[in-house]
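Q: After the structure tokens below, expect a handful of questions from me.
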Amino acid sequence: MSARKPSPYFRLLVPCCLLLLAALLPAQPPGPPQPPRTAKAAAPVDFTGYWVSPVMEDWRWRMVTPLKGDFASIPINRAGYDLGMQWDPAKDEAAGLQCKAYGAPAIMRIPGRVHITWQDENTLKIETDAGTQTRIFHFNSKAPPDEPATWQGYSEANWERPVRGEGDPRNDVPPIFSTRTGLRGKSLEVVTTHLRPGYLRKNGVPYSENTMLEEFYDYRTAPDGTPWFTVTTVVHDARYLNVPFITSTDFKKEADGSRWHPTPCEVR
Amino acid sequence: MRLSTIVVPAALVLVAAPAFAQVDFTGEWAPAYHEDAPERIPGPELGDYMGLPINDAARLRADSYDADRISVVTEYECRPHSADYGMRGLGDLRVTREINPITQELVAFHTYMPAWGSVRTIWMDGRPHPPEWAEHTWQGFSTGVWDGNTLVITTTHLKANYYRRNGIESSDKRTVTEYWTRHRDYLTVVTHVVDPVLLTEPLVRSQNWTLDPGQKTQRMFCEYQPEVPGAPGAVPNHLPGTNPFLHEVADWYGLPYEATRGGAKTIYPEYKLTMPKPEKQPPAKCERFCVCTVLQDCQLHAAPPR
């Protein structure tokens with residue numbers, strides 16, 4: 001009886017399986033389970049410090065309070081337009097609503113400085129000198145069901161997850177696998193809800209309590225070595241916007257807090 | 001069913017990861033004009049230099065600008081938008097990539113913008129920039145490298161062009177660094193311009209697009225023809241101190257004239273502490289381009305439909 005000749009499929013199967021096993025099996029026996037890394041320990045970049053936003057975009061809508069009815073660049077719908085035309089700063093002042101334009105959807109666009117620190121291992125804090133506001137970014141945490149609506153809302157944060165694997169460039173793999181240049185996530189992603197209704201612009205462009213705010217913080221180093229970050233802000237509010245409102249705001253790092261100048265919220 | 005008919009395809013699927021796995025910017029991108037829309041779509045007001053860290057030379061040159069220039073001087077008609085201004089101006093964008101079919105390495109990204117049919121190449125293969133004396137073009141010479149998930153692009157060899165389409169010019173000595181980052185279906189591009197001739201510090205602006213697979217970028221035609229009578233060789237201009245339109249933007253929007261003149265000191269928050277009051281009583285409400293986010297709604301007087 002002659003030995004059966006292996007099929008071509010089988011001859012392909014064996015090296016494929018060996019290759020898979022070699023790639024999948026750990027090089028060493030697993031050790032004791034490690035506690036998950038904290039957000040601070042896992043931070044791919046350092047956002048802490050004092051930062052200023054030079055106003056080189058939207059100057060006349062940010063550095064001064066725009067005229068009533070100046071809604072240019074904001075994709076408001078008719079309901080937003082009509083409500084915006086009812087803006088009355090004296091009424092807001094009398095009602096103690098001076099901070100309506102300093103909520104999370106608008107605060108990063110207000111001219112000023114921000115101070116970023118780690119409040120604890122899983123909580124990043126952003127303070128603003130304009131309006132003296134504080135934003136809290138919670139990593140590994142969901143908003144409690146009874147979370148009240150506030151100007152800054154509840155922000156869930158995470159470091160951008162790579163598309164696959166650990167996201168590090170893998171240049172040591174056999175050529176049958178692909179490398180992952182350009183996929184190392186280093187952005188900070190933040191989703192904010194539980195917002196108190198406020199203004200997208202100081203002249204009364206409204207956002208509702210149903211607003212969901214998405215933000216992406218990207219760190220970079222300029223050619224002269226100065227650190228900058230850009231926050232891309234996407235405001236979702238179907239009540240007053242035709243489409244999500246997308247802006248991006250640039251911040252430059254400062255050496256210290258010597259130019260930190262806290263001011264209260266102002267309606268005008 | 002034989003084992004091999006299941007395992008072999010499964011194994012091949014597992015090992016057949018994408019042949020190319022950089023961040024993928026390819027596709028049709030629709031611009032979000034949610035910043036400075038009146039400036040970018042219908043065009044800036046004369047004398048609006050707000051938010052620009054320009055020097056005195058740039059300001060004097062802009063003050064001499066006459067809007068008839070683009071109609072009388074044929075060399076100014078059909079003037080393309082440069083690589084940097086194109087990202088801020090009219091920005092429907094298509095991105096494609098070029099892969100070496102043998103090595104599977106990324107050779108270049110290509111961009112197309114219908115505004116003046118601008119075609120641009122961003123070389124990703126590590127080639128050096130040409131020597132300083134090489135030709136300058138509207139799109140310049142661009143090379144890109146990765147910084148994590150961000151594509152960092154350096155562009156040199158640009159022709160002089162605009163920072164703002166109202167006479168605020170850029171020089172051919174500028175260097176542009178761009179940072180492209182994609183988050184889901186949003187593309188953010190930061191442009192960081194260093195211009196030793198016309199800026200006192202870098203001009204940093206950021207623009208956003210959303211992925212729009214249904215967008216069909218079009219071919220653009222632009223013909224040279226006399227639109228306004230003018231003597232041959234004449235360049236419409238205002239001599240220093242004679243431009244009558246420079247105060248309009250301050251008066252229309254209730255702004256201090258000094259602030260409309262731009263300059264680095266006006267871009268920092270502390271300028272609010274020393275900014276003078278408007279010279280004229282501001283209008284009671286907005287009267288010009290009060291609603292403006294896309295070409296269709298950017299009319300001088302418009303409100304959203306009911």
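As shown in the structure tokens, the chain order sets the letters A, B, ...; within each chain, residues go from 1, and ligands are also counted from 1 in the order they appear.
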Only residues of chain B matter here; which ones have an atom within 6 Å of chain A, counting only C-alpha atoms? Give them as a list of chain:residue names.
A: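 Applying the cut-off to the listed atoms yields B:Val8, B:Ala19, B:Ala21, B:Gln22, B:Val23, B:His34, B:Glu35, B:Asp36, B:Ala37, B:Gly51, B:Leu52, B:Trp146, B:Gly148, B:Asn149, B:Ser206, B:Ile267, B:Tyr268, B:Pro269, B:Lys285, B:Cys286, B:Cys290, B:Val291, B:Cys292, B:Thr293, B:Pro304, B:Arg306.
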Q: Counting only C-alpha atoms, what is within 8 Å of Glu45 in chain B, bar same-chain residues fewer than 4 positions away, as a list in words?
A: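 That gives Glu39, Asn166 and Val249 of chain B.
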Q: Restricting the output to C-alpha atoms, write the selected residues as a short mmCIF file (atom, residue, chain, number, x, y, z; two decimals), in the first residue's frame.
A:
```
data_model
loop_
_atom_site.label_atom_id
_atom_site.label_comp_id
_atom_site.auth_asym_id
_atom_site.auth_seq_id
_atom_site.Cartn_x
_atom_site.Cartn_y
_atom_site.Cartn_z
CA GLU B 39 -14.36 85.90 4.32
CA ASN B 166 -8.41 91.73 0.05
CA VAL B 249 -15.51 97.27 8.03
#
```
Q: Find the residue from B:Thr177, B:Ser170, B:Thr188, B:Thr143 that sits nearest to Ser82 in chain B; use only C-alpha atoms when measuring.
A: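 Going through B:Thr177, B:Ser170, B:Thr188, B:Thr143 one by one, the smallest distance to Ser82 in chain B is for B:Ser170.
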Q: Find the spatial neighbours of range 194-198 of chain B, counting only C-alpha atoms, within a cut-off of 7 Å - ignore same-chain residues fewer than 4 positions away - and output them as a list of chain:residue names.
A: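 Answer for this query is B:Ile54, B:Asn55, B:Ala57, B:Ala58, B:Ser170, B:Ser171, B:Lys173, B:Arg174, B:Thr175, B:Val176, B:Pro202, B:Leu203.
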Q: Write out, as a PDB file, in the first residue's frame, the residues just selected, with N, CA and C atoms.
A:
```pdb
ATOM      1  N   ILE B  54       0.420  90.562  10.779  1.00  0.00           N
ATOM      2  CA  ILE B  54       1.142  91.161   9.651  1.00  0.00           C
ATOM      3  C   ILE B  54       2.062  92.268  10.128  1.00  0.00           C
ATOM      4  N   ASN B  55       3.043  92.601   9.285  1.00  0.00           N
ATOM      5  CA  ASN B  55       3.921  93.723   9.599  1.00  0.00           C
ATOM      6  C   ASN B  55       3.467  94.962   8.822  1.00  0.00           C
ATOM      7  N   ALA B  57       4.757  96.455   6.321  1.00  0.00           N
ATOM      8  CA  ALA B  57       4.866  96.329   4.857  1.00  0.00           C
ATOM      9  C   ALA B  57       3.624  95.648   4.291  1.00  0.00           C
ATOM     10  N   ALA B  58       3.178  94.598   4.956  1.00  0.00           N
ATOM     11  CA  ALA B  58       1.975  93.898   4.492  1.00  0.00           C
ATOM     12  C   ALA B  58       0.762  94.815   4.572  1.00  0.00           C
ATOM     13  N   SER B 170       0.860  87.060   0.663  1.00  0.00           N
ATOM     14  CA  SER B 170       1.923  86.236   1.256  1.00  0.00           C
ATOM     15  C   SER B 170       3.139  86.334   0.349  1.00  0.00           C
ATOM     16  N   SER B 171       4.303  86.097   0.906  1.00  0.00           N
ATOM     17  CA  SER B 171       5.517  86.228   0.085  1.00  0.00           C
ATOM     18  C   SER B 171       5.979  84.865  -0.406  1.00  0.00           C
ATOM     19  N   LYS B 173       8.766  83.733   0.054  1.00  0.00           N
ATOM     20  CA  LYS B 173       9.805  83.244   0.980  1.00  0.00           C
ATOM     21  C   LYS B 173       9.202  82.427   2.121  1.00  0.00           C
ATOM     22  N   ARG B 174       7.925  82.238   2.109  1.00  0.00           N
ATOM     23  CA  ARG B 174       7.283  81.579   3.251  1.00  0.00           C
ATOM     24  C   ARG B 174       7.488  80.069   3.218  1.00  0.00           C
ATOM     25  N   THR B 175       7.427  79.487   4.404  1.00  0.00           N
ATOM     26  CA  THR B 175       7.445  78.031   4.555  1.00  0.00           C
ATOM     27  C   THR B 175       6.170  77.639   5.285  1.00  0.00           C
ATOM     28  N   VAL B 176       5.501  76.646   4.759  1.00  0.00           N
ATOM     29  CA  VAL B 176       4.221  76.220   5.326  1.00  0.00           C
ATOM     30  C   VAL B 176       4.372  74.821   5.918  1.00  0.00           C
ATOM     31  N   PRO B 202       4.303  83.434  13.342  1.00  0.00           N
ATOM     32  CA  PRO B 202       3.604  82.480  12.477  1.00  0.00           C
ATOM     33  C   PRO B 202       2.099  82.728  12.423  1.00  0.00           C
ATOM     34  N   LEU B 203       1.545  82.545  11.248  1.00  0.00           N
ATOM     35  CA  LEU B 203       0.084  82.588  11.067  1.00  0.00           C
ATOM     36  C   LEU B 203      -0.413  81.145  11.175  1.00  0.00           C
TER      37      LEU B 203
END
```
